[in-house]
Amino acid sequence: MMAARLLGTSSRIAKFNRHFHTAKAAFLPVVQFKLSDIGEGIAEVQVKEWYVKEGDTISQFDKVCEVQSDKAAVTISSRYDGIVRKLYHDVDGMARVGQALIDVEVEGNVEEDEKPKKEEKKGAVTSTPQASKESATSPSEPSASDGKVLATPAVRRLAMENKVKLSSVRGSGKEGRVLKEDVLKFLGQVPADHSSGSTNIRTTHQAPLPTAKSYEPLKEDVAIPIRGYTRAMIKTMTEALKIPHFGYNDEINVDALVKLRGELKDFAKERHVKLSYMPFFIKAASLALHEFPGLNATADEKFENIIHKASHNICLAMDTPGGLVVPNIKNCEQRSIFEIAQEITRLMEAGKRQQLGREDLSGGTFTLSNIGAIGGTYASPVIFPPQVAIGAIGAIERLPRFDKHDNVIAANVIKVSWCADHRVVDGATMARFGNRWKFYLEHPSAMLAQLK
């Protein structure tokens, strides 16, 4: 009898102890380890790798996972000692700032807001004053359980400058994102465009969709045969691409030349001569070529000899209805400025009528292009083979410049772009020739003194 009582008492003690330990294990606190703010306005990240699994024991500062934002990869470390009970995201899943990453079972007291929320049973309805109060709250209102308020750095800066708490602002963007307009409306700087009886403070007015427009095919493409001057230029420019071009640019003050032309203009008109600046440019080039005959030259087909030409047959690039043509003025070294002007007029008229003869187009030794008559300042002219040099002259411009007393004056200025075949002409020779040509234009009296 006594033995039976002792056995019963022992059984009850053992059952109590088992119940005590079970109850103790059942009430160990479980906390949510949430993704904290990692800075730079990042609201969500992608989970790239888990370093723990459910049931693992972790300590503070142990690696939990690695996440990737649109700016950097970040390793997340644990803040607790305990056992991992739940992983909230799969690999490559998206986690928002403020949401739980894992549940950790820890020993000791924890704050209430760190404990995981109990999942409500499906279909269960709780009728409490607190639940009724929460159900009356609009879903778009930010709450502590929603995590970090979604907003761009600019919006956060605006809120901080105006001492506005973003959690107090109703977000009208996607997924409750707070926009700049929301902050301004909160401050009263922008009126809320809501209608009576509506709880939306922002009404989106969508622009009408554009009507579909049909496009009919235009007329057929036009094939233009390559004829005349253009066919010749294709052949010539193809050969020109084989030449190693050397470029040299300069600027020239032509105040004295402008004055001289103004004085000779009426005199030339009496003799029925159209006097432009081009005859002066050509004559100055001819005088400079006397000193630098290596630029008034051509190369033979095998490039074994460079022939210095006796005559200065200076080519003039012309824009005609039939395309670009390059006729030349024969024997410029023997012609006066007026005679060169008359020959230019003849060639231009023949070019407009597309009646330039073979004699006009052959035998050139040096080329000038007056591209400035159309527009522009500097250019990159292409050598006209078998010649070895070419110059492109820009438009005359009135520009501020310093005089010899350092006073700012208005000056008539042209820009010139020289190109030479670097196989036979070095940079120093091209520069010296350019300087001599420049001297004659800046001192036209010296040019006139050498005329024959």
# chains A, B, ... in the order shown; residues from 1 in each chain; ligands from 1
>>> select_by_dssp(residues="region 194-358 of chain A", states="strand (DSSP E)", output="list in words")
His245, Phe246, Gly247, Tyr248, Asn249, Asp250, Glu251, Ile252, Asn253, Ala297, Thr298, Ala299, Ile306, Ile307, His308, Ile314, Cys315, Leu316, Ala317, Met318, Asp319, Thr320, Gly323, Leu324, Val325, Asn328 and Ile329 of chain A
>>> residues_around(residues="Leu166 (chain A)", least_positions_apart="6", cutoff="12 Å", atoms="only C-alpha atoms", output="PDB file with C-alpha atoms, in the first residue's frame")
ATOM      1  CA  GLU A 141      -1.593  55.384 -44.240  1.00  0.00           C
ATOM      2  CA  PRO A 142       1.977  54.556 -43.196  1.00  0.00           C
ATOM      3  CA  SER A 143       2.289  52.587 -39.980  1.00  0.00           C
ATOM      4  CA  ALA A 144       5.151  51.288 -37.871  1.00  0.00           C
ATOM      5  CA  LYS A 148      10.479  52.293 -43.889  1.00  0.00           C
ATOM      6  CA  VAL A 149       8.465  54.965 -45.706  1.00  0.00           C
ATOM      7  CA  LEU A 150       9.119  54.781 -49.444  1.00  0.00           C
ATOM      8  CA  ALA A 151      10.511  58.063 -50.782  1.00  0.00           C
ATOM      9  CA  THR A 152      13.342  59.295 -52.978  1.00  0.00           C
ATOM     10  CA  PRO A 153      16.386  61.091 -51.500  1.00  0.00           C
ATOM     11  CA  VAL A 155      11.787  63.987 -51.139  1.00  0.00           C
ATOM     12  CA  ARG A 156      13.546  63.047 -47.905  1.00  0.00           C
ATOM     13  CA  ARG A 157      15.720  66.150 -48.191  1.00  0.00           C
ATOM     14  CA  LEU A 158      12.649  68.335 -48.759  1.00  0.00           C
ATOM     15  CA  ALA A 159      10.950  66.821 -45.711  1.00  0.00           C
ATOM     16  CA  MET A 160      14.055  67.233 -43.557  1.00  0.00           C
ATOM     17  CA  GLY A 176       2.257  54.204 -50.764  1.00  0.00           C
ATOM     18  CA  ARG A 177       5.406  55.987 -51.933  1.00  0.00           C
ATOM     19  CA  VAL A 178       5.611  59.601 -50.698  1.00  0.00           C
ATOM     20  CA  LEU A 179       6.033  62.030 -53.585  1.00  0.00           C
ATOM     21  CA  LYS A 180       7.250  65.621 -53.627  1.00  0.00           C
ATOM     22  CA  ASP A 182       2.558  64.946 -51.094  1.00  0.00           C
ATOM     23  CA  VAL A 183       5.058  66.813 -48.917  1.00  0.00           C
ATOM     24  CA  LEU A 184       4.120  70.158 -50.485  1.00  0.00           C
ATOM     25  CA  PHE A 186       1.199  68.525 -46.320  1.00  0.00           C
ATOM     26  CA  LEU A 187       2.910  71.897 -45.943  1.00  0.00           C
TER      27      LEU A 187
END
>>> closest_residue(among="A:Ala95, A:Gly247, A:Ile83, A:Val104", to="Ala428 (chain A)", atoms="only C-alpha atoms")
A:Gly247
>>> closest_residue(among="A:Lys302, A:Ile337, A:Ala350, A:Lys163", to="Met318 (chain A)", atoms="only C-alpha atoms")
A:Ala350
>>> atom_distance(atom1="CA of Phe338 (chain A)", atom2="CA of Ala317 (chain A)")
19.5 Å
>>> atom_distance(atom1="CA of Gly173 (chain A)", atom2="CA of Leu35 (chain A)")
22.8 Å
>>> atom_distance(atom1="CA of Lys165 (chain A)", atom2="CA of Asp103 (chain A)")
29.6 Å
>>> closest_residue(among="A:Val30, A:Leu264, A:Val67, A:Val97", to="Arg85 (chain A)", atoms="only C-alpha atoms")
A:Val30
>>> closest_residue(among="A:Ala411, A:Leu361, A:Ala392, A:Val31", to="Tyr378 (chain A)", atoms="only C-alpha atoms")
A:Ala392
>>> closest_residue(among="A:Glu239, A:Asp406, A:Glu270, A:Asp255", to="Pro444 (chain A)", atoms="only C-alpha atoms")
A:Asp255
>>> residues_around(residues="Phe366 (chain A)", least_positions_apart="6", cutoff="9 Å", atoms="only C-alpha atoms", output="PyMOL selection string")
chain A and resi 295-298+312-316+328+384+387-391
>>> residues_around(residues="Thr75 (chain A)", least_positions_apart="2", cutoff="9 Å", atoms="only C-alpha atoms", output="list of chain:residue names")
A:Lys63, A:Val64, A:Cys65, A:Glu66, A:Val67, A:Gln68, A:Ala73, A:Ser77
>>> select_by_dssp(residues="region 240-371 of chain A", states="helix (DSSP H, G or I)", output="MDAnalysis selection string")
chainID A and resid 240 255:270 278:291 293:295 332:334 337:352 358:361 371
>>> write_last_selection(atoms="C-alpha atoms", output="mmCIF file, in the first residue's frame")
data_model
loop_
_atom_site.group_PDB
_atom_site.id
_atom_site.type_symbol
_atom_site.label_atom_id
_atom_site.label_comp_id
_atom_site.auth_asym_id
_atom_site.auth_seq_id
_atom_site.Cartn_x
_atom_site.Cartn_y
_atom_site.Cartn_z
ATOM 1 C CA ALA A 240 43.677 61.740 -102.752
ATOM 2 C CA ASP A 255 42.578 95.560 -92.772
ATOM 3 C CA ALA A 256 45.073 96.968 -95.286
ATOM 4 C CA LEU A 257 43.769 94.656 -98.027
ATOM 5 C CA VAL A 258 40.158 95.683 -97.360
ATOM 6 C CA LYS A 259 41.183 99.327 -97.641
ATOM 7 C CA LEU A 260 43.125 98.747 -100.893
ATOM 8 C CA ARG A 261 40.259 96.860 -102.516
ATOM 9 C CA GLY A 262 37.895 99.668 -101.554
ATOM 10 C CA GLU A 263 40.184 102.164 -103.291
ATOM 11 C CA LEU A 264 40.488 100.044 -106.472
ATOM 12 C CA LYS A 265 36.868 98.947 -106.740
ATOM 13 C CA ASP A 266 35.607 101.939 -108.744
ATOM 14 C CA PHE A 267 38.738 101.917 -110.894
ATOM 15 C CA ALA A 268 38.155 98.226 -111.691
ATOM 16 C CA LYS A 269 34.475 98.859 -112.470
ATOM 17 C CA GLU A 270 35.447 101.420 -115.126
ATOM 18 C CA MET A 278 40.233 86.194 -104.578
ATOM 19 C CA PRO A 279 42.583 87.819 -107.201
ATOM 20 C CA PHE A 280 44.672 89.214 -104.320
ATOM 21 C CA PHE A 281 44.807 85.792 -102.614
ATOM 22 C CA ILE A 282 45.917 84.120 -105.866
ATOM 23 C CA LYS A 283 48.533 86.749 -106.707
ATOM 24 C CA ALA A 284 49.968 86.611 -103.173
ATOM 25 C CA ALA A 285 50.211 82.817 -103.487
ATOM 26 C CA SER A 286 52.046 83.124 -106.814
ATOM 27 C CA LEU A 287 54.577 85.551 -105.327
ATOM 28 C CA ALA A 288 55.155 83.234 -102.341
ATOM 29 C CA LEU A 289 55.579 80.224 -104.671
ATOM 30 C CA HIS A 290 58.563 81.987 -106.277
ATOM 31 C CA GLU A 291 60.331 81.610 -102.920
ATOM 32 C CA PRO A 293 58.931 76.265 -105.567
ATOM 33 C CA GLY A 294 58.616 72.897 -103.820
ATOM 34 C CA LEU A 295 54.918 73.651 -103.224
ATOM 35 C CA CYS A 332 49.450 83.599 -112.698
ATOM 36 C CA GLU A 333 53.069 84.662 -112.223
ATOM 37 C CA GLN A 334 52.749 86.739 -115.453
ATOM 38 C CA ILE A 337 45.539 91.364 -110.368
ATOM 39 C CA PHE A 338 42.969 92.720 -112.864
ATOM 40 C CA GLU A 339 43.853 90.020 -115.415
ATOM 41 C CA ILE A 340 43.445 87.323 -112.771
ATOM 42 C CA ALA A 341 40.059 88.819 -111.806
ATOM 43 C CA GLN A 342 38.895 88.708 -115.451
ATOM 44 C CA GLU A 343 39.966 85.058 -115.789
ATOM 45 C CA ILE A 344 38.096 84.158 -112.580
ATOM 46 C CA THR A 345 34.936 85.729 -113.985
ATOM 47 C CA ARG A 346 35.287 83.779 -117.240
ATOM 48 C CA LEU A 347 35.784 80.467 -115.482
ATOM 49 C CA MET A 348 32.828 81.041 -113.131
ATOM 50 C CA GLU A 349 30.485 81.823 -116.020
ATOM 51 C CA ALA A 350 31.644 78.741 -117.927
ATOM 52 C CA GLY A 351 31.190 76.633 -114.786
ATOM 53 C CA LYS A 352 27.588 77.809 -114.314
ATOM 54 C CA ARG A 358 39.622 70.288 -120.996
ATOM 55 C CA GLU A 359 42.274 72.989 -121.109
ATOM 56 C CA ASP A 360 40.643 74.766 -118.162
ATOM 57 C CA LEU A 361 40.615 71.611 -116.039
ATOM 58 C CA ILE A 371 35.089 78.145 -98.956
#
>>> residues_around(residues="Asn249 (chain A)", least_positions_apart="3", cutoff="12 Å", atoms="only C-alpha atoms", output="list in words")
Phe246, Ile252, Thr377, Tyr378, Ala379, Ser380, Pro381, Ile390, Gly391, Ala392, Ile393, Gly394, Ile414, Lys415, Val416, Ser417, Trp418, Cys419, Ala420, Gly427, Met430, Ala431, Gly434, Asn435 and Lys438 of chain A
>>> decode(residues="region 422-438 of chain A", atoms="N, CA, C and O atoms", output="CSV table (one decimal), in the first residue's frame")
chain,number,residue,atom,x,y,z
A,422,HIS,N,52.7,65.2,-96.9
A,422,HIS,CA,53.8,65.1,-96.0
A,422,HIS,C,55.0,64.2,-96.5
A,422,HIS,O,56.0,64.1,-95.8
A,423,ARG,N,54.8,63.5,-97.6
A,423,ARG,CA,55.9,62.7,-98.1
A,423,ARG,C,56.9,63.6,-98.7
A,423,ARG,O,58.1,63.2,-98.8
A,424,VAL,N,56.5,64.8,-99.2
A,424,VAL,CA,57.5,65.6,-100.0
A,424,VAL,C,57.6,67.0,-99.4
A,424,VAL,O,58.5,67.8,-99.8
A,425,VAL,N,56.6,67.4,-98.5
A,425,VAL,CA,56.6,68.8,-97.9
A,425,VAL,C,56.7,68.6,-96.4
A,425,VAL,O,55.8,68.0,-95.8
A,426,ASP,N,57.7,69.3,-95.8
A,426,ASP,CA,57.7,69.2,-94.3
A,426,ASP,C,57.0,70.4,-93.7
A,426,ASP,O,56.6,71.4,-94.4
A,427,GLY,N,56.7,70.3,-92.4
A,427,GLY,CA,55.9,71.3,-91.8
A,427,GLY,C,56.6,72.7,-91.8
A,427,GLY,O,55.9,73.7,-91.9
A,428,ALA,N,57.9,72.8,-91.7
A,428,ALA,CA,58.6,74.1,-91.7
A,428,ALA,C,58.4,74.8,-93.0
A,428,ALA,O,58.2,76.0,-93.0
A,429,THR,N,58.5,74.1,-94.1
A,429,THR,CA,58.4,74.7,-95.4
A,429,THR,C,56.9,75.2,-95.6
A,429,THR,O,56.7,76.4,-96.1
A,430,MET,N,55.9,74.4,-95.1
A,430,MET,CA,54.6,74.9,-95.3
A,430,MET,C,54.3,76.1,-94.4
A,430,MET,O,53.6,77.1,-94.8
A,431,ALA,N,54.9,76.2,-93.2
A,431,ALA,CA,54.7,77.3,-92.3
A,431,ALA,C,55.4,78.6,-92.9
A,431,ALA,O,54.8,79.7,-92.8
A,432,ARG,N,56.6,78.4,-93.5
A,432,ARG,CA,57.3,79.6,-94.0
A,432,ARG,C,56.6,80.1,-95.2
A,432,ARG,O,56.5,81.3,-95.4
A,433,PHE,N,56.0,79.2,-96.1
A,433,PHE,CA,55.2,79.7,-97.2
A,433,PHE,C,54.0,80.4,-96.7
A,433,PHE,O,53.7,81.5,-97.2
A,434,GLY,N,53.3,79.9,-95.7
A,434,GLY,CA,52.1,80.5,-95.2
A,434,GLY,C,52.5,81.9,-94.6
A,434,GLY,O,51.7,82.9,-94.7
A,435,ASN,N,53.6,82.0,-94.0
A,435,ASN,CA,54.0,83.3,-93.4
A,435,ASN,C,54.3,84.4,-94.5
A,435,ASN,O,53.9,85.5,-94.4
A,436,ARG,N,54.9,83.9,-95.6
A,436,ARG,CA,55.1,84.9,-96.7
A,436,ARG,C,53.8,85.3,-97.4
A,436,ARG,O,53.6,86.5,-97.7
A,437,TRP,N,52.9,84.3,-97.6
A,437,TRP,CA,51.6,84.7,-98.1
A,437,TRP,C,50.9,85.6,-97.2
A,437,TRP,O,50.2,86.6,-97.7
A,438,LYS,N,51.0,85.4,-95.9
A,438,LYS,CA,50.3,86.3,-94.9
A,438,LYS,C,50.9,87.7,-95.0
A,438,LYS,O,50.2,88.7,-94.9
